[in-house]
>>> print(open('coords-v2.cif').read())   # mmCIF, C-alpha atoms
data_entry
#
loop_
_atom_site.label_atom_id
_atom_site.label_comp_id
_atom_site.auth_asym_id
_atom_site.auth_seq_id
_atom_site.Cartn_x
_atom_site.Cartn_y
_atom_site.Cartn_z
CA MET S 1 -0.14 -32.04 -19.55
CA SER S 2 2.69 -29.91 -18.20
CA LYS S 3 3.17 -26.51 -19.80
CA ASN S 4 5.76 -23.78 -19.63
CA VAL S 5 4.41 -21.15 -17.26
CA MET S 6 4.44 -17.36 -17.49
CA LEU S 7 3.98 -15.34 -14.30
CA TRP S 8 2.55 -11.89 -14.88
CA ALA S 9 2.25 -9.38 -12.04
CA GLY S 10 0.17 -6.28 -12.66
CA ALA S 11 -2.93 -6.67 -14.83
CA GLY S 12 -2.41 -3.56 -16.93
CA GLN S 13 -2.06 -2.67 -20.57
CA ILE S 14 1.73 -3.07 -20.83
CA GLY S 15 1.66 -6.51 -19.23
CA LEU S 16 -1.25 -7.47 -21.48
CA ALA S 17 0.63 -6.45 -24.62
CA ILE S 18 3.69 -8.48 -23.61
CA ALA S 19 1.67 -11.51 -22.52
CA ARG S 20 -0.25 -11.54 -25.81
CA ARG S 21 3.00 -11.33 -27.74
CA MET S 22 4.90 -14.01 -25.81
CA GLY S 23 2.33 -16.10 -23.93
CA TYR S 24 0.87 -18.30 -26.67
CA GLY S 25 1.10 -22.01 -25.86
CA LYS S 26 1.94 -21.25 -22.23
CA LYS S 27 0.00 -21.33 -19.01
CA ILE S 28 -0.24 -17.72 -17.88
CA ILE S 29 -0.88 -16.77 -14.26
CA VAL S 30 -1.88 -13.13 -13.96
CA GLY S 31 -1.86 -11.55 -10.52
CA ASP S 32 -3.18 -8.21 -9.39
CA LYS S 33 -4.08 -6.65 -6.06
CA LYS S 34 -7.58 -6.13 -7.47
CA ILE S 35 -8.80 -9.56 -8.53
CA GLU S 36 -11.33 -7.91 -10.87
CA ASN S 37 -8.43 -6.50 -12.92
CA ALA S 38 -6.82 -9.93 -13.21
CA GLN S 39 -10.16 -11.50 -14.14
CA THR S 40 -10.74 -8.88 -16.83
CA MET S 41 -7.34 -9.51 -18.40
CA ALA S 42 -7.80 -13.27 -18.17
CA LYS S 43 -11.15 -13.07 -19.97
CA ILE S 44 -9.70 -10.90 -22.74
CA MET S 45 -6.90 -13.38 -23.31
CA ASN S 46 -8.89 -16.56 -22.86
CA ASP S 47 -11.44 -15.28 -25.36
CA ALA S 48 -8.53 -14.87 -27.80
CA GLY S 49 -7.31 -18.45 -27.35
CA TYR S 50 -4.77 -18.10 -24.55
CA ASP S 51 -4.71 -20.11 -21.32
CA VAL S 52 -4.84 -17.68 -18.41
CA VAL S 53 -5.64 -18.05 -14.71
CA PRO S 54 -6.33 -14.90 -12.65
CA VAL S 55 -5.24 -14.68 -9.02
CA GLU S 56 -5.29 -12.01 -6.36
CA MET S 57 -1.77 -10.98 -5.39
CA ASP S 58 -0.11 -8.13 -3.55
CA LEU S 59 3.33 -7.23 -4.89
CA SER S 60 4.31 -5.73 -1.53
CA SER S 61 3.88 -9.12 0.20
CA ARG S 62 6.46 -11.90 -0.06
CA GLN S 63 3.83 -14.43 1.00
CA SER S 64 1.54 -13.29 -1.81
CA ILE S 65 4.36 -13.47 -4.37
CA LYS S 66 5.23 -16.99 -3.25
CA ALA S 67 1.57 -17.96 -3.59
CA LEU S 68 1.59 -16.68 -7.19
CA ILE S 69 4.67 -18.78 -7.90
CA ALA S 70 3.12 -21.84 -6.26
CA GLU S 71 0.01 -21.44 -8.41
CA GLY S 72 2.20 -21.40 -11.51
CA GLN S 73 4.13 -24.47 -10.43
CA LYS S 74 0.92 -26.49 -10.42
CA TYR S 75 1.02 -26.42 -14.22
CA GLY S 76 4.70 -26.78 -15.06
CA ASP S 77 8.07 -25.04 -15.01
CA ILE S 78 8.27 -21.28 -14.52
CA LYS S 79 9.71 -20.08 -17.83
CA ASP S 80 8.78 -16.41 -18.03
CA MET S 81 8.15 -13.52 -15.66
CA ILE S 82 6.66 -10.08 -16.28
CA ILE S 83 6.64 -7.51 -13.48
CA ALA S 84 4.36 -4.75 -14.68
CA ALA S 85 2.76 -3.91 -11.34
CA GLY S 86 3.22 -0.70 -9.44
CA VAL S 87 1.71 2.56 -8.26
CA SER S 88 2.36 6.01 -9.67
CA PRO S 89 3.28 9.27 -7.90
CA SER S 90 -0.32 10.46 -8.21
CA GLN S 91 -1.79 7.24 -6.85
CA ALA S 92 0.00 6.58 -3.58
CA PRO S 93 2.02 8.07 -0.71
CA ILE S 94 5.79 7.79 -0.42
CA GLU S 95 5.76 4.74 1.84
CA MET S 96 3.47 2.73 -0.45
CA ILE S 97 5.49 3.56 -3.57
CA LEU S 98 8.64 2.31 -1.88
CA LYS S 99 6.91 -0.80 -0.49
CA VAL S 100 5.33 -1.82 -3.80
CA ASP S 101 7.51 -0.51 -6.62
CA LEU S 102 10.89 -0.88 -4.92
CA TYR S 103 10.66 -3.63 -2.28
CA GLY S 104 7.95 -5.73 -3.92
CA SER S 105 9.65 -5.80 -7.31
CA ALA S 106 12.92 -6.80 -5.67
CA VAL S 107 11.24 -9.64 -3.78
CA MET S 108 9.53 -10.99 -6.89
CA MET S 109 12.77 -10.96 -8.88
CA GLU S 110 14.44 -12.80 -6.01
CA GLU S 111 11.73 -15.40 -5.47
CA VAL S 112 11.19 -16.17 -9.15
CA GLY S 113 14.97 -16.32 -9.59
CA LYS S 114 15.03 -19.26 -7.19
CA VAL S 115 12.82 -21.38 -9.46
CA ILE S 116 13.17 -20.00 -13.00
CA ALA S 117 13.71 -22.76 -15.54
CA PRO S 118 16.81 -22.97 -17.75
CA GLY S 119 16.28 -20.82 -20.80
CA GLY S 120 13.78 -18.69 -18.91
CA CYS S 121 13.52 -14.94 -19.08
CA GLY S 122 12.20 -12.16 -16.89
CA ILE S 123 11.09 -8.64 -17.80
CA MET S 124 10.97 -5.83 -15.25
CA ILE S 125 9.01 -2.73 -16.28
CA SER S 126 10.59 0.30 -14.62
CA SER S 127 10.36 3.87 -15.95
CA GLN S 128 12.22 6.71 -17.59
CA SER S 129 11.86 8.48 -14.22
CA GLY S 130 14.85 6.60 -12.87
CA TRP S 131 17.00 8.39 -15.45
CA ARG S 132 16.01 11.93 -14.44
CA MET S 133 17.34 12.22 -10.94
CA PRO S 134 20.82 13.14 -9.71
CA ALA S 135 23.40 10.37 -9.73
CA LEU S 136 23.62 8.35 -6.56
CA THR S 137 26.92 7.47 -4.94
CA PRO S 138 28.53 4.16 -5.92
CA GLU S 139 27.74 2.93 -2.42
CA GLN S 140 24.06 3.82 -2.78
CA ASP S 141 23.83 2.14 -6.17
CA ALA S 142 25.47 -0.97 -4.76
CA ALA S 143 23.03 -1.01 -1.84
CA LEU S 144 20.05 -0.77 -4.17
CA ALA S 145 21.45 -3.62 -6.25
CA THR S 146 22.60 -6.03 -3.59
CA ALA S 147 21.19 -5.24 -0.13
CA PRO S 148 19.14 -8.14 1.26
CA THR S 149 15.55 -7.51 0.25
CA GLU S 150 14.33 -7.33 3.83
CA GLU S 151 16.87 -4.57 4.51
CA LEU S 152 16.07 -2.41 1.49
CA LEU S 153 13.47 -0.22 3.16
CA SER S 154 15.83 0.34 6.10
CA LEU S 155 18.50 2.02 3.95
CA ASP S 156 19.15 5.49 5.30
CA PHE S 157 18.65 7.28 1.98
CA LEU S 158 15.26 5.61 1.48
CA GLN S 159 13.79 6.89 4.71
CA PRO S 160 10.73 9.10 4.17
CA SER S 161 12.57 12.01 5.75
CA GLN S 162 15.13 11.76 2.92
CA ILE S 163 12.52 11.54 0.15
CA LYS S 164 11.27 14.91 -1.10
CA ASP S 165 7.93 13.85 -2.53
CA THR S 166 6.12 10.99 -4.25
CA LEU S 167 7.86 11.65 -7.56
CA HIS S 168 11.25 11.34 -5.84
CA ALA S 169 10.10 8.08 -4.23
CA TYR S 170 9.04 6.80 -7.65
CA GLN S 171 12.37 7.76 -9.20
CA MET S 172 14.23 5.97 -6.41
CA ALA S 173 12.10 2.88 -6.88
CA LYS S 174 12.75 2.79 -10.61
CA ARG S 175 16.48 3.33 -10.12
CA CYS S 176 16.42 0.40 -7.72
CA ASN S 177 14.53 -1.76 -10.25
CA GLU S 178 17.29 -1.21 -12.82
CA LYS S 179 20.15 -1.83 -10.41
CA ARG S 180 18.42 -4.86 -9.01
CA VAL S 181 17.98 -6.35 -12.47
CA MET S 182 21.73 -6.13 -12.99
CA ALA S 183 22.47 -7.99 -9.76
CA GLU S 184 19.71 -10.55 -10.31
CA ALA S 185 21.01 -11.24 -13.84
CA VAL S 186 24.11 -12.75 -12.24
CA LYS S 187 22.03 -15.08 -10.07
CA TRP S 188 19.58 -15.95 -12.82
CA GLY S 189 22.53 -16.75 -15.07
CA GLU S 190 23.56 -19.50 -12.69
CA ARG S 191 20.26 -21.20 -13.58
CA GLY S 192 20.71 -20.60 -17.32
CA ALA S 193 18.12 -17.82 -17.34
CA ARG S 194 18.08 -14.11 -18.16
CA ILE S 195 16.41 -10.99 -16.80
CA ASN S 196 16.19 -7.50 -18.29
CA ASP S 197 14.47 -4.21 -17.68
CA ILE S 198 12.42 -1.93 -19.92
CA ALA S 199 12.16 1.72 -18.87
CA PRO S 200 9.18 3.17 -20.74
CA GLY S 201 8.42 6.82 -21.11
CA ILE S 202 4.85 8.04 -21.30
CA ILE S 203 2.79 5.09 -22.50
CA VAL S 204 -0.95 5.58 -22.86
CA THR S 205 -2.44 3.39 -20.13
CA PRO S 206 -4.96 4.04 -17.33
CA LEU S 207 -2.02 4.81 -15.03
CA ALA S 208 -0.71 7.42 -17.48
CA ILE S 209 -4.16 8.94 -17.79
CA ASP S 210 -4.19 9.29 -13.98
CA GLU S 211 -0.97 11.22 -14.31
CA PHE S 212 -2.31 13.41 -17.12
CA ASN S 213 -5.22 14.34 -14.84
CA GLY S 214 -3.08 14.66 -11.71
CA PRO S 215 -1.05 17.53 -10.29
CA ARG S 216 1.78 16.93 -12.79
CA GLY S 217 -0.49 16.56 -15.81
CA ASP S 218 0.79 19.63 -17.63
CA PHE S 219 4.37 18.50 -17.00
CA TYR S 220 3.75 15.14 -18.65
CA LYS S 221 1.84 16.60 -21.59
CA ASN S 222 4.69 19.03 -22.18
CA MET S 223 7.15 16.15 -21.98
CA PHE S 224 5.71 14.12 -24.80
CA ALA S 225 5.01 17.24 -26.87
CA LYS S 226 8.68 18.27 -26.69
CA CYS S 227 10.33 14.86 -26.97
CA PRO S 228 11.78 13.94 -30.39
CA ALA S 229 8.92 11.50 -31.07
CA GLY S 230 6.38 14.24 -30.35
CA ARG S 231 3.87 11.78 -28.89
CA PRO S 232 3.31 9.27 -26.13
CA GLY S 233 4.00 5.61 -26.76
CA THR S 234 1.76 2.55 -26.86
CA PRO S 235 1.89 -0.71 -24.92
CA ASP S 236 2.59 -2.62 -28.13
CA GLU S 237 5.78 -0.61 -28.64
CA VAL S 238 6.97 -1.80 -25.24
CA ALA S 239 6.01 -5.34 -26.24
CA ASN S 240 8.20 -4.99 -29.34
CA ILE S 241 11.23 -4.71 -27.04
CA ALA S 242 10.03 -7.48 -24.75
CA GLU S 243 9.64 -9.77 -27.77
CA LEU S 244 13.31 -9.30 -28.60
CA LEU S 245 14.44 -9.79 -25.02
CA MET S 246 12.30 -12.86 -24.34
CA SER S 247 13.06 -14.64 -27.61
CA ASP S 248 16.15 -16.51 -28.74
CA ARG S 249 17.21 -13.37 -30.59
CA GLY S 250 17.90 -11.80 -27.21
CA ALA S 251 19.93 -14.72 -25.89
CA PHE S 252 23.04 -12.57 -25.37
CA ILE S 253 21.18 -9.84 -23.47
CA SER S 254 20.87 -9.98 -19.69
CA GLY S 255 21.07 -7.43 -16.90
CA SER S 256 20.28 -4.58 -19.29
CA THR S 257 17.83 -1.70 -19.24
CA PHE S 258 16.20 -0.53 -22.47
CA LEU S 259 15.00 3.08 -22.34
CA ALA S 260 11.93 3.52 -24.55
CA ASP S 261 10.69 7.09 -24.07
CA GLY S 262 10.51 8.69 -27.49
CA GLY S 263 13.70 10.58 -26.71
CA ALA S 264 12.25 12.41 -23.69
CA THR S 265 15.29 11.73 -21.53
CA ALA S 266 17.60 12.93 -24.30
CA SER S 267 15.53 16.11 -24.56
CA TYR S 268 15.63 16.52 -20.77
CA TYR S 269 19.42 16.60 -20.80
CA TYR S 270 20.19 18.13 -24.19
CA GLY S 271 17.02 19.63 -25.65
CA PRO S 272 13.95 21.76 -24.98
CA LEU S 273 12.97 19.76 -21.90
CA LYS S 274 16.20 20.70 -20.12
CA PRO S 275 15.33 22.41 -16.78
CA ALA S 276 16.11 26.11 -16.68
CA ASN S 277 18.17 25.76 -13.51
#
>>> encode(input="coords-v2.cif", output="structure tokens")
Amino acid sequence: MSKNVMLWAGAGQIGLAIARRMGYGKKIIVGDKKIENAQTMAKIMNDAGYDVVPVEMDLSSRQSIKALIAEGQKYGDIKDMIIAAGVSPSQAPIEMILKVDLYGSAVMMEEVGKVIAPGGCGIMISSQSGWRMPALTPEQDAALATAPTEELLSLDFLQPSQIKDTLHAYQMAKRCNEKRVMAEAVKWGERGARINDIAPGIIVTPLAIDEFNGPRGDFYKNMFAKCPAGRPGTPDEVANIAELLMSDRGAFISGSTFLADGGATASYYYGPLKPAN
């Protein structure tokens, strides 16, 4: 029997929370570069009554993304997409961050957008980091939003010589995610589908714990201590937003980014997290 299909890239805690919230009654295909991660998530969900197939996939590879889509199409129409894959500034060099978080996410939005079913919805998980870097020029923003995917990594301002460090690369990638969602929303709309972005702050996941224990650990701990919420967030709080966006209640929302950071960005600009210089 044909089912509506959810594609889920990145077998982590945020993707798990969203898939549990919105994946009941659907065939879920979870892809991760480490097949063990996908298998672990599939077992957790299958043991709870969901219908999940794990596959190995590399977000930085168009061929791998297309294989994930093809696997989903075996079971029915592609109705939902979650991109929750990526690498953090403490996990990878500049080039890999740009190849996975920036280019790979753009390719997956593009490829899924070619086949998304009417009424479908996509969720891109970016980051608050994209909000804490100097404004780009209108031309740079437009390039991030609309440049052909195979030309993205050739943009002059994305060359490694123009990127200060891995955090800067990560911020650029997340800015691109948000701009790309806006442009893709126009294309997805032509198929009667929607796509939105969630920009989480510090959410307690294994990736965040890597950051806490990395070279910027004290920075991140200070950030959630001095944000209005006074704490990090949880994956389920991100899923709360995704539930709105992916349900009929979000039918008038597309091309938007929802910042969910406990007020950290507000504190960065107007509160105790504001840089001294």
>>> closest_residue(input="coords-v2.cif", among="S:Gln39, S:Gln91, S:Ser154, S:Ser126", to="S:Phe258", atoms="only C-alpha atoms")
S:Ser126
>>> residues_around(input="coords-v2.cif", residues="S:Ile125", least_positions_apart="3", cutoff="7 Å", atoms="only C-alpha atoms", output="PyMOL selection string")
chain S and resi 83-84+197-199
>>> closest_residue(input="coords-v2.cif", among="S:Ser254, S:Thr40, S:Thr137, S:Thr205", to="S:Ala183", atoms="all atoms listed in the file")
S:Ser254
>>> atom_distance(input="coords-v2.cif", atom1="atom CA of S:Arg175", atom2="atom CA of S:Pro138")
12.8 Å
>>> resolve_selection(input="coords-v2.cif", expression="the PyMOL selection byres ((chain S and resi 200) around 9)", output="PyMOL selection string")
chain S and resi 125-129+198-199+201-203+233+238+258-262
>>> resolve_selection(input="coords-v2.cif", expression="the PyMOL selection byres ((chain S and resi 166) around 10)", output="PyMOL selection string")
chain S and resi 88-98+160+163-165+167-172
>>> closest_residue(input="coords-v2.cif", among="S:Cys227, S:Met108, S:Ile82, S:Ile28", to="S:Asp58", atoms="all atoms listed in the file")
S:Met108
>>> resolve_selection(input="coords-v2.cif", expression="the PyMOL selection byres ((chain S and resi 225) around 12)", output="number ranges by chain")
S: 202, 218-224, 226-233, 261-264, 267, 272-273
>>> closest_residue(input="coords-v2.cif", among="S:Gly122, S:Gly10, S:Gly25, S:Gly271", to="S:Asn196", atoms="all atoms listed in the file")
S:Gly122
>>> residues_near_point(input="coords-v2.cif", point="(-4.6, -22.9, -9.1)", cutoff="12 Å", atoms="all atoms listed in the file", output="number ranges by chain")
S: 27-31, 52-56, 67-76
>>> closest_residue(input="coords-v2.cif", among="S:Glu190, S:Glu151, S:Asp248, S:Asp51", to="S:Tyr103", atoms="only C-alpha atoms")
S:Glu151
>>> closest_residue(input="coords-v2.cif", among="S:Leu207, S:Met246, S:Leu59, S:Met133", to="S:Asp80", atoms="only C-alpha atoms")
S:Met246
>>> decode(input="coords-v2.cif", residues="stretch 94-123 of chain S", atoms="N, CA, C and O atoms", output="mmCIF file, in the first residue's frame")
data_model
loop_
_atom_site.group_PDB
_atom_site.id
_atom_site.type_symbol
_atom_site.label_atom_id
_atom_site.label_comp_id
_atom_site.auth_asym_id
_atom_site.auth_seq_id
_atom_site.Cartn_x
_atom_site.Cartn_y
_atom_site.Cartn_z
ATOM 1 N N ILE S 94 36.966 24.233 7.405
ATOM 2 C CA ILE S 94 36.171 25.196 6.649
ATOM 3 C C ILE S 94 35.553 24.567 5.409
ATOM 4 O O ILE S 94 34.351 24.697 5.156
ATOM 5 N N GLU S 95 36.377 23.884 4.615
ATOM 6 C CA GLU S 95 35.901 23.350 3.342
ATOM 7 C C GLU S 95 34.764 22.349 3.537
ATOM 8 O O GLU S 95 33.798 22.338 2.772
ATOM 9 N N MET S 96 34.861 21.511 4.563
ATOM 10 C CA MET S 96 33.810 20.512 4.795
ATOM 11 C C MET S 96 32.522 21.167 5.265
ATOM 12 O O MET S 96 31.424 20.768 4.858
ATOM 13 N N ILE S 97 32.631 22.171 6.123
ATOM 14 C CA ILE S 97 31.431 22.877 6.586
ATOM 15 C C ILE S 97 30.686 23.478 5.405
ATOM 16 O O ILE S 97 29.463 23.360 5.296
ATOM 17 N N LEU S 98 31.419 24.102 4.501
ATOM 18 C CA LEU S 98 30.780 24.712 3.336
ATOM 19 C C LEU S 98 30.197 23.642 2.404
ATOM 20 O O LEU S 98 29.110 23.818 1.849
ATOM 21 N N LYS S 99 30.899 22.521 2.263
ATOM 22 C CA LYS S 99 30.438 21.473 1.342
ATOM 23 C C LYS S 99 29.186 20.776 1.878
ATOM 24 O O LYS S 99 28.274 20.450 1.111
ATOM 25 N N VAL S 100 29.130 20.566 3.169
ATOM 26 C CA VAL S 100 27.995 19.837 3.757
ATOM 27 C C VAL S 100 26.852 20.787 4.106
ATOM 28 O O VAL S 100 25.737 20.682 3.583
ATOM 29 N N ASP S 101 27.133 21.740 5.003
ATOM 30 C CA ASP S 101 26.067 22.578 5.550
ATOM 31 C C ASP S 101 25.502 23.560 4.526
ATOM 32 O O ASP S 101 24.299 23.841 4.534
ATOM 33 N N LEU S 102 26.354 24.077 3.664
ATOM 34 C CA LEU S 102 25.892 25.080 2.689
ATOM 35 C C LEU S 102 25.479 24.419 1.377
ATOM 36 O O LEU S 102 24.302 24.427 1.020
ATOM 37 N N TYR S 103 26.434 23.806 0.687
ATOM 38 C CA TYR S 103 26.144 23.204 -0.619
ATOM 39 C C TYR S 103 25.166 22.037 -0.513
ATOM 40 O O TYR S 103 24.169 21.971 -1.237
ATOM 41 N N GLY S 104 25.435 21.111 0.402
ATOM 42 C CA GLY S 104 24.600 19.917 0.498
ATOM 43 C C GLY S 104 23.154 20.241 0.821
ATOM 44 O O GLY S 104 22.224 19.670 0.226
ATOM 45 N N SER S 105 22.952 21.165 1.762
ATOM 46 C CA SER S 105 21.578 21.544 2.108
ATOM 47 C C SER S 105 20.873 22.167 0.917
ATOM 48 O O SER S 105 19.686 21.908 0.666
ATOM 49 N N ALA S 106 21.600 22.995 0.163
ATOM 50 C CA ALA S 106 21.010 23.622 -1.020
ATOM 51 C C ALA S 106 20.608 22.579 -2.061
ATOM 52 O O ALA S 106 19.539 22.665 -2.674
ATOM 53 N N VAL S 107 21.467 21.594 -2.264
ATOM 54 C CA VAL S 107 21.165 20.537 -3.235
ATOM 55 C C VAL S 107 19.944 19.737 -2.804
ATOM 56 O O VAL S 107 19.066 19.438 -3.616
ATOM 57 N N MET S 108 19.858 19.412 -1.523
ATOM 58 C CA MET S 108 18.711 18.601 -1.085
ATOM 59 C C MET S 108 17.412 19.378 -1.221
ATOM 60 O O MET S 108 16.393 18.828 -1.654
ATOM 61 N N MET S 109 17.420 20.659 -0.861
ATOM 62 C CA MET S 109 16.215 21.470 -1.063
ATOM 63 C C MET S 109 15.816 21.491 -2.534
ATOM 64 O O MET S 109 14.639 21.377 -2.874
ATOM 65 N N GLU S 110 16.809 21.609 -3.398
ATOM 66 C CA GLU S 110 16.547 21.664 -4.837
ATOM 67 C C GLU S 110 15.989 20.342 -5.355
ATOM 68 O O GLU S 110 14.973 20.317 -6.067
ATOM 69 N N GLU S 111 16.636 19.247 -5.000
ATOM 70 C CA GLU S 111 16.233 17.941 -5.531
ATOM 71 C C GLU S 111 14.870 17.504 -4.986
ATOM 72 O O GLU S 111 14.038 16.992 -5.727
ATOM 73 N N VAL S 112 14.641 17.706 -3.702
ATOM 74 C CA VAL S 112 13.333 17.342 -3.152
ATOM 75 C C VAL S 112 12.253 18.248 -3.738
ATOM 76 O O VAL S 112 11.125 17.815 -3.991
ATOM 77 N N GLY S 113 12.607 19.513 -3.970
ATOM 78 C CA GLY S 113 11.655 20.450 -4.554
ATOM 79 C C GLY S 113 11.158 20.048 -5.928
ATOM 80 O O GLY S 113 10.082 20.468 -6.360
ATOM 81 N N LYS S 114 11.920 19.197 -6.615
ATOM 82 C CA LYS S 114 11.507 18.733 -7.938
ATOM 83 C C LYS S 114 10.408 17.674 -7.858
ATOM 84 O O LYS S 114 9.701 17.442 -8.850
ATOM 85 N N VAL S 115 10.272 17.025 -6.689
ATOM 86 C CA VAL S 115 9.344 15.899 -6.593
ATOM 87 C C VAL S 115 8.341 16.024 -5.447
ATOM 88 O O VAL S 115 7.469 15.165 -5.296
ATOM 89 N N ILE S 116 8.442 17.070 -4.644
ATOM 90 C CA ILE S 116 7.569 17.201 -3.480
ATOM 91 C C ILE S 116 6.098 17.186 -3.902
ATOM 92 O O ILE S 116 5.707 17.796 -4.899
ATOM 93 N N ALA S 117 5.294 16.479 -3.156
ATOM 94 C CA ALA S 117 3.884 16.336 -3.494
ATOM 95 C C ALA S 117 3.102 17.590 -3.114
ATOM 96 O O ALA S 117 3.494 18.330 -2.203
ATOM 97 N N PRO S 118 1.995 17.862 -3.795
ATOM 98 C CA PRO S 118 1.131 18.981 -3.399
ATOM 99 C C PRO S 118 0.728 18.836 -1.930
ATOM 100 O O PRO S 118 0.425 17.735 -1.464
ATOM 101 N N GLY S 119 0.775 19.947 -1.221
ATOM 102 C CA GLY S 119 0.474 19.919 0.197
ATOM 103 C C GLY S 119 1.658 19.530 1.059
ATOM 104 O O GLY S 119 1.553 19.478 2.290
ATOM 105 N N GLY S 120 2.791 19.267 0.412
ATOM 106 C CA GLY S 120 3.980 18.851 1.151
ATOM 107 C C GLY S 120 4.659 20.009 1.859
ATOM 108 O O GLY S 120 4.371 21.179 1.604
ATOM 109 N N CYS S 121 5.582 19.650 2.746
ATOM 110 C CA CYS S 121 6.273 20.681 3.516
ATOM 111 C C CYS S 121 7.693 20.232 3.828
ATOM 112 O O CYS S 121 7.933 19.064 4.131
ATOM 113 N N GLY S 122 8.606 21.187 3.779
ATOM 114 C CA GLY S 122 9.992 20.926 4.130
ATOM 115 C C GLY S 122 10.425 21.790 5.292
ATOM 116 O O GLY S 122 9.968 22.923 5.442
ATOM 117 N N ILE S 123 11.327 21.242 6.118
ATOM 118 C CA ILE S 123 11.902 21.974 7.235
ATOM 119 C C ILE S 123 13.420 21.920 7.109
ATOM 120 O O ILE S 123 14.011 20.839 7.028
#
